[in-house]
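Taking it in order: structure first as structure tokens, then the write-up.
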Amino acid sequence: MLADSYGRIATDLRVSLTDRCNLRCAYCMPPEGLDWLPAPTLLTDDEVVRLARIGVERLGITEIRYTGGEPLLRRGLPGIVARTAELRPRPETSLTTNGIGLARLAGPLAEAGLDRINVSLDTLRPGVFRTLAKRDRLADVLAGLAAAAEAGLVPVKVNTVLMRGVNEDEAVPLLRFCLDHGYQLRFIEQMPLDAQHGWRRENMVTADEILAALSAELSLTPDDSRTRGSAPAETFLVDGGPARVGVIGSVTRPFCGACDRVRLTADGQVRNCLFARTESNLRDPMRAGASDEELAGIWRRAVAAKLPGHGINDPGFLQPARPMSAIGG
Ligand code: SAM
């Protein structure tokens, strides 16, 4: 098992397949992009699958989510998903994507064994999309969402980050859009993980503000908190249900005590927290011939050292050196 010294067990593995992205969302990446990780440092498809197998067979991982950067940019993605679905005990396999290219890939990914998908969508207005993501791709994202539903990757979940003065007025329209299409919407508070280090607490649209905006037009009833478990989203029934909306208050309502996640970067580093300031290298020992059990040992020690919380609200908080795109969101 991947246990830490605060009694938490990591069972949910987030694997970044690339640090590259075809959008430049302002809360994540500067318009000019970043210096991408050099190709030889990236795990190969076989290396990704080997580490996933070690996680599942030896360390109690039950869920694997592929992310990035933009995971649809990884050419071998359907093959990686198919090989992940063959692991035993079979992990639940999911993907977080910006949806660009999903219109073409949703079917092959579902056939490969993908169970669930989260698509990021921050606005329904093409002009705001261009301002926020620096690309004119809203239509592609909407087509990707529709294709995911068509391919049976349901329930399709939508992730939204609201930014002050950019799209903060879209909470209700986005929720109505998702309700109309049968997508499950979750708002995520903006976290200090952007490469530009531009995050300011006073600019963050908080969970309280989001809930107030939604409650002004819709009735929200807290869902049974006993069913929340380690899920980061607080969920609410909308207008009596059964439709729900989630709010992930990563900053103002931290849920670190229930965290069951561990992360693997595209260059093979284990991170025990999004905000960790240290990483444990699995890639180099693997390439030097380490056995499965030796790699599992490094991984166990990495998780054992997990801190009790992300520390964003502590006076001495320092943002991690890697931005979200290079960690895997
Ligand atoms: N490219 C994919 C996508 O857009 O979903 C996967 C990677 S992205 C880093 C994963 C999620 O992290 C997205 O939903 C994105 O909105 C969110 N994200 C990125 N930077 C963030 C930040 N600073 N605070 C909160 N969420 C962030």
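A note on labels: chains of the structure tokens are A, B, ... as shown, every chain counts residues from 1, and ligands are counted from 1 in their shown order.
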
Q: Based on DSSP run over this structure's backbone, return all residues of range 49-290 of chain A in strand (DSSP E or B), as a PyMOL selection string.
A: chain A and resi 63-67+92-97+116-120+157-160+163+184-188+204+220-222+234-238+244-248+261-264+269-271+280-281

Closest-contact table, chain A side, partner ligand 1, 8 Å, counting only C-alpha atoms and all ligand atoms, as JSON lines:
{"residue": "A:Cys21", "atom": "CA", "partner": "ligand 1", "partner_atom_place_in_ligand_line": "1 (N)", "distance": 6.2}
{"residue": "A:Leu23", "atom": "CA", "partner": "ligand 1", "partner_atom_place_in_ligand_line": "1 (N)", "distance": 7.7}
{"residue": "A:Cys25", "atom": "CA", "partner": "ligand 1", "partner_atom_place_in_ligand_line": "19 (C)", "distance": 7.6}
{"residue": "A:Tyr27", "atom": "CA", "partner": "ligand 1", "partner_atom_place_in_ligand_line": "23 (N)", "distance": 4.7}
{"residue": "A:Cys28", "atom": "CA", "partner": "ligand 1", "partner_atom_place_in_ligand_line": "20 (N)", "distance": 4.3}
{"residue": "A:Met29", "atom": "CA", "partner": "ligand 1", "partner_atom_place_in_ligand_line": "20 (N)", "distance": 7.9}
{"residue": "A:Thr67", "atom": "CA", "partner": "ligand 1", "partner_atom_place_in_ligand_line": "6 (C)", "distance": 4.8}
{"residue": "A:Gly68", "atom": "CA", "partner": "ligand 1", "partner_atom_place_in_ligand_line": "7 (C)", "distance": 4.4}
{"residue": "A:Gly69", "atom": "CA", "partner": "ligand 1", "partner_atom_place_in_ligand_line": "7 (C)", "distance": 4.8}
{"residue": "A:Glu70", "atom": "CA", "partner": "ligand 1", "partner_atom_place_in_ligand_line": "1 (N)", "distance": 3.8}
{"residue": "A:Pro71", "atom": "CA", "partner": "ligand 1", "partner_atom_place_in_ligand_line": "1 (N)", "distance": 6.6}
{"residue": "A:Thr96", "atom": "CA", "partner": "ligand 1", "partner_atom_place_in_ligand_line": "5 (O)", "distance": 4.6}
{"residue": "A:Thr97", "atom": "CA", "partner": "ligand 1", "partner_atom_place_in_ligand_line": "5 (O)", "distance": 3.7}
{"residue": "A:Asn98", "atom": "CA", "partner": "ligand 1", "partner_atom_place_in_ligand_line": "4 (O)", "distance": 3.7}
{"residue": "A:Gly99", "atom": "CA", "partner": "ligand 1", "partner_atom_place_in_ligand_line": "4 (O)", "distance": 7.4}
{"residue": "A:Asn118", "atom": "CA", "partner": "ligand 1", "partner_atom_place_in_ligand_line": "5 (O)", "distance": 6.9}
{"residue": "A:Val119", "atom": "CA", "partner": "ligand 1", "partner_atom_place_in_ligand_line": "5 (O)", "distance": 5.6}
{"residue": "A:Ser120", "atom": "CA", "partner": "ligand 1", "partner_atom_place_in_ligand_line": "14 (O)", "distance": 4.6}
{"residue": "A:Leu121", "atom": "CA", "partner": "ligand 1", "partner_atom_place_in_ligand_line": "16 (O)", "distance": 7.5}
{"residue": "A:Asp122", "atom": "CA", "partner": "ligand 1", "partner_atom_place_in_ligand_line": "16 (O)", "distance": 7.5}
{"residue": "A:Val158", "atom": "CA", "partner": "ligand 1", "partner_atom_place_in_ligand_line": "14 (O)", "distance": 7.9}
{"residue": "A:Asn159", "atom": "CA", "partner": "ligand 1", "partner_atom_place_in_ligand_line": "14 (O)", "distance": 4.9}
{"residue": "A:Thr160", "atom": "CA", "partner": "ligand 1", "partner_atom_place_in_ligand_line": "16 (O)", "distance": 6.0}
{"residue": "A:Val161", "atom": "CA", "partner": "ligand 1", "partner_atom_place_in_ligand_line": "16 (O)", "distance": 5.6}
{"residue": "A:Ile188", "atom": "CA", "partner": "ligand 1", "partner_atom_place_in_ligand_line": "25 (C)", "distance": 5.7}
{"residue": "A:Glu189", "atom": "CA", "partner": "ligand 1", "partner_atom_place_in_ligand_line": "25 (C)", "distance": 5.6}
{"residue": "A:Gln190", "atom": "CA", "partner": "ligand 1", "partner_atom_place_in_ligand_line": "24 (N)", "distance": 3.6}
{"residue": "A:Met191", "atom": "CA", "partner": "ligand 1", "partner_atom_place_in_ligand_line": "24 (N)", "distance": 3.7}
{"residue": "A:Pro192", "atom": "CA", "partner": "ligand 1", "partner_atom_place_in_ligand_line": "23 (N)", "distance": 5.4}
{"residue": "A:Leu193", "atom": "CA", "partner": "ligand 1", "partner_atom_place_in_ligand_line": "23 (N)", "distance": 4.5}
{"residue": "A:Asp194", "atom": "CA", "partner": "ligand 1", "partner_atom_place_in_ligand_line": "23 (N)", "distance": 5.1}
{"residue": "A:Trp199", "atom": "CA", "partner": "ligand 1", "partner_atom_place_in_ligand_line": "23 (N)", "distance": 7.5}
{"residue": "A:Met324", "atom": "CA", "partner": "ligand 1", "partner_atom_place_in_ligand_line": "9 (C)", "distance": 5.2}
{"residue": "A:Ser325", "atom": "CA", "partner": "ligand 1", "partner_atom_place_in_ligand_line": "9 (C)", "distance": 4.8}
{"residue": "A:Ile327", "atom": "CA", "partner": "ligand 1", "partner_atom_place_in_ligand_line": "9 (C)", "distance": 7.9}
{"residue": "A:Gly328", "atom": "CA", "partner": "ligand 1", "partner_atom_place_in_ligand_line": "9 (C)", "distance": 5.6}
{"residue": "A:Gly329", "atom": "CA", "partner": "ligand 1", "partner_atom_place_in_ligand_line": "10 (C)", "distance": 3.9}

Q. Which polymer residues have any atom within 9 Å of an atom of Pro30 in chain A, counting only C-alpha atoms, with same-chain residues fewer than 6 positions away left out, as a count of residues only?
A. 4

List as a short mmCIF file (atom, residue, chain, number, x, y, z; two decimals) with all heavy atoms, in the first residue's frame the protein and nucleic acid residues near range 238-251 of chain A, meaning an atom at most 8 Å away when only C-alpha atoms are counted, but skip any in the same chain fewer than 2 places from it.
data_model
loop_
_atom_site.label_atom_id
_atom_site.label_comp_id
_atom_site.auth_asym_id
_atom_site.auth_seq_id
_atom_site.Cartn_x
_atom_site.Cartn_y
_atom_site.Cartn_z
N LEU A 175 -23.44 26.35 -15.96
CA LEU A 175 -24.20 25.29 -15.30
C LEU A 175 -25.44 24.95 -16.13
O LEU A 175 -25.75 23.77 -16.34
CB LEU A 175 -24.59 25.70 -13.87
CG LEU A 175 -25.43 24.66 -13.11
CD1 LEU A 175 -24.78 23.27 -13.12
CD2 LEU A 175 -25.66 25.12 -11.66
N LEU A 179 -26.31 21.31 -17.60
CA LEU A 179 -27.58 20.62 -17.27
C LEU A 179 -28.31 20.24 -18.56
O LEU A 179 -28.81 19.11 -18.69
CB LEU A 179 -28.46 21.53 -16.40
CG LEU A 179 -27.94 21.89 -15.01
CD1 LEU A 179 -28.87 22.88 -14.32
CD2 LEU A 179 -27.74 20.65 -14.14
N GLN A 184 -21.76 16.83 -16.11
CA GLN A 184 -21.64 17.18 -14.68
C GLN A 184 -20.57 18.24 -14.50
O GLN A 184 -19.39 17.98 -14.77
CB GLN A 184 -21.26 15.95 -13.85
CG GLN A 184 -22.43 15.02 -13.61
CD GLN A 184 -22.08 13.88 -12.66
OE1 GLN A 184 -21.05 13.89 -12.01
NE2 GLN A 184 -22.96 12.90 -12.60
N LEU A 185 -20.98 19.40 -14.04
CA LEU A 185 -20.05 20.54 -13.94
C LEU A 185 -19.43 20.61 -12.54
O LEU A 185 -20.09 20.42 -11.54
CB LEU A 185 -20.82 21.83 -14.22
CG LEU A 185 -20.05 23.14 -14.09
CD1 LEU A 185 -18.89 23.20 -15.06
CD2 LEU A 185 -20.98 24.33 -14.34
N ARG A 186 -18.11 20.89 -12.52
CA ARG A 186 -17.40 21.14 -11.26
C ARG A 186 -16.56 22.38 -11.41
O ARG A 186 -15.75 22.49 -12.34
CB ARG A 186 -16.48 19.95 -10.91
CG ARG A 186 -17.21 18.66 -10.71
CD ARG A 186 -16.49 17.43 -11.20
NE ARG A 186 -15.07 17.60 -11.39
CZ ARG A 186 -14.14 16.94 -10.71
NH1 ARG A 186 -14.47 16.07 -9.79
NH2 ARG A 186 -12.88 17.13 -10.97
N PHE A 187 -16.77 23.33 -10.52
CA PHE A 187 -15.94 24.53 -10.52
C PHE A 187 -14.71 24.25 -9.64
O PHE A 187 -14.82 23.68 -8.56
CB PHE A 187 -16.72 25.71 -9.93
CG PHE A 187 -17.86 26.16 -10.79
CD1 PHE A 187 -19.15 25.70 -10.57
CD2 PHE A 187 -17.65 27.04 -11.84
CE1 PHE A 187 -20.20 26.10 -11.37
CE2 PHE A 187 -18.70 27.45 -12.66
CZ PHE A 187 -19.98 26.98 -12.42
N ILE A 188 -13.54 24.70 -10.10
CA ILE A 188 -12.31 24.52 -9.34
C ILE A 188 -11.75 25.89 -8.99
O ILE A 188 -11.58 26.73 -9.89
CB ILE A 188 -11.23 23.78 -10.18
CG1 ILE A 188 -11.80 22.50 -10.80
CG2 ILE A 188 -9.99 23.48 -9.34
CD1 ILE A 188 -10.82 21.80 -11.75
N GLU A 189 -11.50 26.13 -7.72
CA GLU A 189 -10.86 27.40 -7.35
C GLU A 189 -9.48 27.48 -7.98
O GLU A 189 -8.74 26.48 -8.01
CB GLU A 189 -10.69 27.49 -5.82
CG GLU A 189 -11.89 28.02 -5.10
CD GLU A 189 -11.68 28.12 -3.59
OE1 GLU A 189 -10.68 27.60 -3.07
OE2 GLU A 189 -12.53 28.72 -2.92
N GLN A 190 -9.16 28.68 -8.45
CA GLN A 190 -7.85 28.88 -9.06
C GLN A 190 -6.74 28.71 -8.01
O GLN A 190 -6.79 29.32 -6.94
CB GLN A 190 -7.77 30.27 -9.67
CG GLN A 190 -6.52 30.50 -10.49
CD GLN A 190 -6.39 31.94 -10.95
OE1 GLN A 190 -7.35 32.72 -10.83
NE2 GLN A 190 -5.24 32.29 -11.44
N MET A 191 -5.74 27.89 -8.33
CA MET A 191 -4.66 27.61 -7.38
C MET A 191 -3.35 28.26 -7.84
O MET A 191 -3.17 28.52 -9.03
CB MET A 191 -4.45 26.10 -7.27
CG MET A 191 -5.63 25.37 -6.68
SD MET A 191 -5.34 23.59 -6.64
CE MET A 191 -5.75 23.12 -8.31
N THR A 206 -13.78 32.69 -5.18
CA THR A 206 -13.81 31.65 -4.15
C THR A 206 -15.03 30.74 -4.30
O THR A 206 -16.02 31.10 -4.95
CB THR A 206 -13.87 32.29 -2.74
OG1 THR A 206 -15.10 33.02 -2.65
CG2 THR A 206 -12.70 33.22 -2.50
N ALA A 207 -14.95 29.60 -3.62
CA ALA A 207 -16.09 28.67 -3.61
C ALA A 207 -17.33 29.38 -3.09
O ALA A 207 -18.44 29.19 -3.64
CB ALA A 207 -15.74 27.47 -2.72
N ILE A 210 -18.81 31.50 -5.83
CA ILE A 210 -19.42 30.66 -6.88
C ILE A 210 -20.78 30.17 -6.41
O ILE A 210 -21.78 30.24 -7.13
CB ILE A 210 -18.48 29.47 -7.23
CG1 ILE A 210 -17.17 29.99 -7.82
CG2 ILE A 210 -19.18 28.50 -8.19
CD1 ILE A 210 -16.05 28.96 -7.85
N LEU A 211 -20.83 29.69 -5.18
CA LEU A 211 -22.09 29.18 -4.66
C LEU A 211 -23.13 30.29 -4.55
O LEU A 211 -24.32 30.07 -4.81
CB LEU A 211 -21.86 28.51 -3.29
CG LEU A 211 -21.08 27.18 -3.40
CD1 LEU A 211 -20.65 26.69 -2.02
CD2 LEU A 211 -21.93 26.13 -4.12
N LEU A 218 -30.57 29.48 -8.94
CA LEU A 218 -30.96 28.08 -8.88
C LEU A 218 -30.98 27.65 -7.42
O LEU A 218 -30.27 28.23 -6.60
CB LEU A 218 -29.93 27.22 -9.64
CG LEU A 218 -29.78 27.53 -11.12
CD1 LEU A 218 -28.35 27.35 -11.57
CD2 LEU A 218 -30.70 26.62 -11.94
N SER A 219 -31.75 26.61 -7.14
CA SER A 219 -31.74 26.14 -5.75
C SER A 219 -30.71 25.03 -5.60
O SER A 219 -30.68 24.07 -6.37
CB SER A 219 -33.16 25.70 -5.37
OG SER A 219 -33.15 24.38 -4.91
N LEU A 220 -29.82 25.18 -4.62
CA LEU A 220 -28.77 24.19 -4.39
C LEU A 220 -29.00 23.53 -3.03
O LEU A 220 -29.17 24.23 -2.03
CB LEU A 220 -27.38 24.85 -4.36
CG LEU A 220 -26.90 25.58 -5.61
CD1 LEU A 220 -25.44 26.00 -5.43
CD2 LEU A 220 -27.04 24.71 -6.86
N THR A 221 -28.99 22.21 -3.01
CA THR A 221 -29.12 21.48 -1.75
C THR A 221 -27.86 20.65 -1.57
O THR A 221 -27.52 19.87 -2.47
CB THR A 221 -30.31 20.48 -1.81
OG1 THR A 221 -31.39 21.13 -2.48
CG2 THR A 221 -30.71 20.01 -0.44
N PRO A 232 -12.74 15.47 -4.17
CA PRO A 232 -12.46 16.85 -3.82
C PRO A 232 -13.66 17.77 -3.92
O PRO A 232 -13.71 18.80 -3.26
CB PRO A 232 -11.39 17.27 -4.82
CG PRO A 232 -11.55 16.33 -5.97
CD PRO A 232 -12.10 15.06 -5.40
N ALA A 233 -14.66 17.39 -4.75
CA ALA A 233 -15.77 18.31 -4.98
C ALA A 233 -16.84 18.16 -3.90
O ALA A 233 -17.25 17.06 -3.55
CB ALA A 233 -16.39 18.04 -6.35
N GLU A 234 -17.29 19.31 -3.35
CA GLU A 234 -18.52 19.33 -2.56
C GLU A 234 -19.64 19.37 -3.59
O GLU A 234 -19.64 20.25 -4.46
CB GLU A 234 -18.60 20.59 -1.72
CG GLU A 234 -17.73 20.59 -0.49
CD GLU A 234 -17.81 21.93 0.22
OE1 GLU A 234 -18.88 22.29 0.71
OE2 GLU A 234 -16.78 22.61 0.26
N THR A 235 -20.60 18.46 -3.47
CA THR A 235 -21.62 18.45 -4.51
C THR A 235 -22.98 18.92 -3.97
O THR A 235 -23.27 18.78 -2.78
CB THR A 235 -21.78 17.06 -5.15
OG1 THR A 235 -21.96 16.11 -4.13
CG2 THR A 235 -20.57 16.70 -5.96
N PHE A 236 -23.75 19.47 -4.87
CA PHE A 236 -25.06 20.03 -4.53
C PHE A 236 -26.06 19.56 -5.57
O PHE A 236 -25.76 19.53 -6.77
CB PHE A 236 -25.00 21.57 -4.56
CG PHE A 236 -24.00 22.13 -3.58
CD1 PHE A 236 -22.65 22.21 -3.91
CD2 PHE A 236 -24.40 22.54 -2.31
CE1 PHE A 236 -21.72 22.69 -3.01
CE2 PHE A 236 -23.47 23.03 -1.40
CZ PHE A 236 -22.13 23.11 -1.75
N ARG A 253 -11.34 25.74 0.99
CA ARG A 253 -11.94 24.60 1.69
C ARG A 253 -11.09 23.37 1.43
O ARG A 253 -11.54 22.42 0.78
CB ARG A 253 -13.37 24.35 1.18
CG ARG A 253 -14.28 25.56 1.32
CD ARG A 253 -15.64 25.28 0.70
NE ARG A 253 -16.53 26.42 0.84
CZ ARG A 253 -17.86 26.34 0.78
NH1 ARG A 253 -18.44 25.19 0.56
NH2 ARG A 253 -18.60 27.42 0.94
N PRO A 254 -9.83 23.39 1.92
CA PRO A 254 -8.92 22.30 1.55
C PRO A 254 -9.41 20.95 2.07
O PRO A 254 -10.09 20.88 3.09
CB PRO A 254 -7.59 22.69 2.20
CG PRO A 254 -7.85 23.88 3.05
CD PRO A 254 -9.21 24.40 2.77
N PHE A 255 -9.07 19.91 1.33
CA PHE A 255 -9.55 18.56 1.66
C PHE A 255 -8.37 17.60 1.78
O PHE A 255 -8.48 16.41 1.48
CB PHE A 255 -10.54 18.09 0.59
CG PHE A 255 -10.14 18.53 -0.80
CD1 PHE A 255 -9.27 17.79 -1.57
CD2 PHE A 255 -10.62 19.74 -1.31
CE1 PHE A 255 -8.89 18.21 -2.82
CE2 PHE A 255 -10.25 20.18 -2.57
CZ PHE A 255 -9.37 19.41 -3.33
N ILE A 312 -1.07 26.08 1.30
CA ILE A 312 -1.31 27.34 0.55
C ILE A 312 -1.66 28.47 1.51
O ILE A 312 -1.33 29.64 1.27
CB ILE A 312 -2.46 27.18 -0.46
CG1 ILE A 312 -2.16 26.09 -1.47
CG2 ILE A 312 -2.73 28.49 -1.20
CD1 ILE A 312 -3.32 25.82 -2.43
N ASN A 313 -2.35 28.12 2.61
CA ASN A 313 -2.81 29.16 3.51
C ASN A 313 -1.82 29.46 4.63
O ASN A 313 -2.11 30.25 5.53
CB ASN A 313 -4.18 28.77 4.08
CG ASN A 313 -5.20 28.59 2.94
OD1 ASN A 313 -5.34 29.47 2.09
ND2 ASN A 313 -5.87 27.45 2.90
#

Q. Leaving out Val128 in chain A and any residue of its chain fewer than 6 positions from it, which residues lie within 12 Å of it when counting only C-alpha atoms, given as a PyMOL selection string?
A. chain A and resi 25-26+121-122+134-138+162-163+165-170

Preceding selection exported with N, CA, C and O atoms as a CSV table (one decimal), in the first residue's frame:
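result-v9.csv, written as the output of this step:
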chain,number,residue,atom,x,y,z
A,25,CYS,N,-4.1,28.7,-21.3
A,25,CYS,CA,-5.0,29.3,-20.3
A,25,CYS,C,-4.2,30.2,-19.3
A,25,CYS,O,-3.2,29.8,-18.7
A,26,ALA,N,-4.8,31.3,-19.1
A,26,ALA,CA,-4.0,32.4,-18.3
A,26,ALA,C,-3.7,31.9,-16.9
A,26,ALA,O,-2.6,32.3,-16.4
A,121,LEU,N,-13.7,23.3,-19.6
A,121,LEU,CA,-14.4,24.3,-20.3
A,121,LEU,C,-14.7,25.5,-19.4
A,121,LEU,O,-15.4,25.4,-18.4
A,122,ASP,N,-14.1,26.7,-19.7
A,122,ASP,CA,-14.2,27.8,-18.8
A,122,ASP,C,-15.2,28.9,-19.3
A,122,ASP,O,-15.5,29.8,-18.6
A,134,LYS,N,-6.0,32.0,-25.4
A,134,LYS,CA,-5.2,32.5,-26.4
A,134,LYS,C,-5.3,31.7,-27.7
A,134,LYS,O,-4.4,31.8,-28.6
A,135,ARG,N,-6.3,31.0,-27.9
A,135,ARG,CA,-6.6,30.2,-29.1
A,135,ARG,C,-8.0,30.3,-29.4
A,135,ARG,O,-8.9,30.4,-28.5
A,136,ASP,N,-8.4,30.1,-30.7
A,136,ASP,CA,-9.8,30.2,-31.1
A,136,ASP,C,-10.4,28.8,-31.3
A,136,ASP,O,-10.7,28.4,-32.4
A,137,ARG,N,-10.5,28.1,-30.2
A,137,ARG,CA,-10.9,26.6,-30.3
A,137,ARG,C,-12.1,26.2,-29.6
A,137,ARG,O,-12.3,25.0,-29.3
A,138,LEU,N,-13.0,27.2,-29.2
A,138,LEU,CA,-14.2,26.8,-28.4
A,138,LEU,C,-15.0,25.7,-29.2
A,138,LEU,O,-15.5,24.8,-28.5
A,162,LEU,N,-12.9,29.8,-12.8
A,162,LEU,CA,-13.4,31.1,-13.0
A,162,LEU,C,-12.3,32.1,-12.6
A,162,LEU,O,-11.6,32.0,-11.6
A,163,MET,N,-12.1,33.1,-13.5
A,163,MET,CA,-11.1,34.2,-13.2
A,163,MET,C,-11.8,35.5,-13.1
A,163,MET,O,-12.7,35.9,-13.9
A,165,GLY,N,-13.0,39.0,-13.5
A,165,GLY,CA,-13.0,40.0,-14.6
A,165,GLY,C,-12.8,39.3,-16.0
A,165,GLY,O,-12.7,40.0,-17.0
A,166,VAL,N,-12.8,38.0,-16.0
A,166,VAL,CA,-12.6,37.3,-17.3
A,166,VAL,C,-13.9,36.5,-17.6
A,166,VAL,O,-14.6,36.8,-18.6
A,167,ASN,N,-14.2,35.5,-16.8
A,167,ASN,CA,-15.3,34.7,-17.0
A,167,ASN,C,-16.1,34.4,-15.7
A,167,ASN,O,-16.9,33.5,-15.6
A,168,GLU,N,-15.9,35.3,-14.7
A,168,GLU,CA,-16.6,35.1,-13.4
A,168,GLU,C,-18.1,35.2,-13.5
A,168,GLU,O,-18.8,34.7,-12.6
A,169,ASP,N,-18.6,35.8,-14.6
A,169,ASP,CA,-20.0,36.0,-14.7
A,169,ASP,C,-20.7,34.8,-15.4
A,169,ASP,O,-21.8,34.8,-15.8
A,170,GLU,N,-19.9,33.8,-15.7
A,170,GLU,CA,-20.4,32.6,-16.5
A,170,GLU,C,-20.8,31.4,-15.6
A,170,GLU,O,-21.1,30.4,-16.2

Q) Using only C-alpha atoms, which of A:Ala321, A:Glu86, A:Val270, A:Gly107 sits nearest Ala296 in chain A? A) A:Val270

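Within 9 Å of Pro91 in chain A, once only C-alpha atoms are used and residues closer than 6 positions along the same chain are dropped, the contacting residues are Val56, Ile61, Thr62, Glu63, Ile64, Thr84 and Ala85 of chain A.
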
Output the selection as an mmCIF file, in the first residue's frame - C-alpha atoms for each residue.
data_model
loop_
_atom_site.group_PDB
_atom_site.id
_atom_site.type_symbol
_atom_site.label_atom_id
_atom_site.label_comp_id
_atom_site.auth_asym_id
_atom_site.auth_seq_id
_atom_site.Cartn_x
_atom_site.Cartn_y
_atom_site.Cartn_z
ATOM 1 C CA VAL A 56 -1.725 -1.571 -9.571
ATOM 2 C CA ILE A 61 -3.598 1.762 -7.051
ATOM 3 C CA THR A 62 -7.237 1.345 -8.121
ATOM 4 C CA GLU A 63 -7.743 4.386 -10.343
ATOM 5 C CA ILE A 64 -5.494 5.851 -13.035
ATOM 6 C CA THR A 84 -3.890 0.048 -18.630
ATOM 7 C CA ALA A 85 -7.333 -1.525 -18.982
#
